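Below you'll find the structure, written out as structure tokens, and then a few comments.
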Amino acid sequence: MLMANPATLRNLVKRYENLRSTHARLGTCESSRQLEDISYTLCVTTGTRTVPDALAAAAAQLRGGPSAGSLGPAPGPAEVQLTA
């Protein structure tokens, strides 16, 4: 799995938090659109489908631990037994 640059990830989380606060305060169409855009970007960057999952994955990645719902390393190639 690709991992986002930690600085980029921190920037996305900070931007999301700022836009969420701005939208709560203003509630405009523009603030809603910006919040939707950053939410989408955060989800794509973390490989998740919801903002809470994206924030949890970002926190885990920034801590250096596995993210919620992480499948772990990919399994190695399966052994094939040839029979005659």
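In the structure tokens, each chain is lettered A, B, ... as it comes, each chain's residues begin at 1, and ligands are numbered from 1 in order of appearance.
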With a distance cut-off of 12 Å and only C-alpha atoms, select the neighbouring residues of region 16-24 of chain A, excluding the residue or stretch itself and same-chain residues fewer than 2 positions from it, and output the selection as a short mmCIF file (atom, residue, chain, number, x, y, z; two decimals) with C-alpha atoms, in the first residue's frame.
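Final file, out18.cif:
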```
data_model
loop_
_atom_site.label_atom_id
_atom_site.label_comp_id
_atom_site.auth_asym_id
_atom_site.auth_seq_id
_atom_site.Cartn_x
_atom_site.Cartn_y
_atom_site.Cartn_z
CA LEU A 9 -0.88 13.97 5.63
CA ARG A 10 -0.52 16.37 8.56
CA ASN A 11 -1.36 19.26 6.23
CA LEU A 12 -4.51 17.50 4.99
CA VAL A 13 -5.72 16.73 8.53
CA LYS A 14 -5.05 20.31 9.65
CA LEU A 26 -20.31 30.09 8.29
CA GLY A 27 -22.41 27.31 6.79
CA THR A 28 -22.07 28.69 3.25
CA CYS A 29 -22.21 26.76 -0.01
CA GLU A 30 -18.55 27.62 -0.56
CA SER A 31 -17.46 26.32 2.86
CA SER A 32 -19.51 23.16 2.26
CA ARG A 33 -17.84 22.57 -1.11
CA GLN A 34 -14.38 23.10 0.35
CA LEU A 35 -15.12 20.71 3.20
CA GLU A 36 -16.40 18.09 0.75
CA ASP A 37 -13.27 18.51 -1.40
CA ILE A 38 -10.82 18.11 1.48
CA SER A 39 -12.84 15.19 2.89
CA TYR A 40 -12.60 13.41 -0.46
CA THR A 41 -8.88 14.12 -0.74
CA LEU A 42 -8.25 12.88 2.79
CA CYS A 43 -10.16 9.65 2.08
CA VAL A 51 -13.86 10.77 7.10
CA PRO A 52 -13.74 9.09 10.54
CA ALA A 54 -9.56 8.57 7.14
CA LEU A 55 -8.76 10.48 10.32
CA ALA A 58 -3.98 9.29 9.25
#
```
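Distance-wise, CA of Arg63 (chain A) and CA of Pro6 (chain A) end up 9.8 Å apart.
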Any idea what the distance is between CA of Arg49 (chain A) and CA of Ala7 (chain A)?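 Separation between CA of Arg49 (chain A) and CA of Ala7 (chain A): 21.4 Å.
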Could you check how far CA of Asp53 (chain A) sits from CA of Met3 (chain A), in Å to one decimal? 15.2 Å
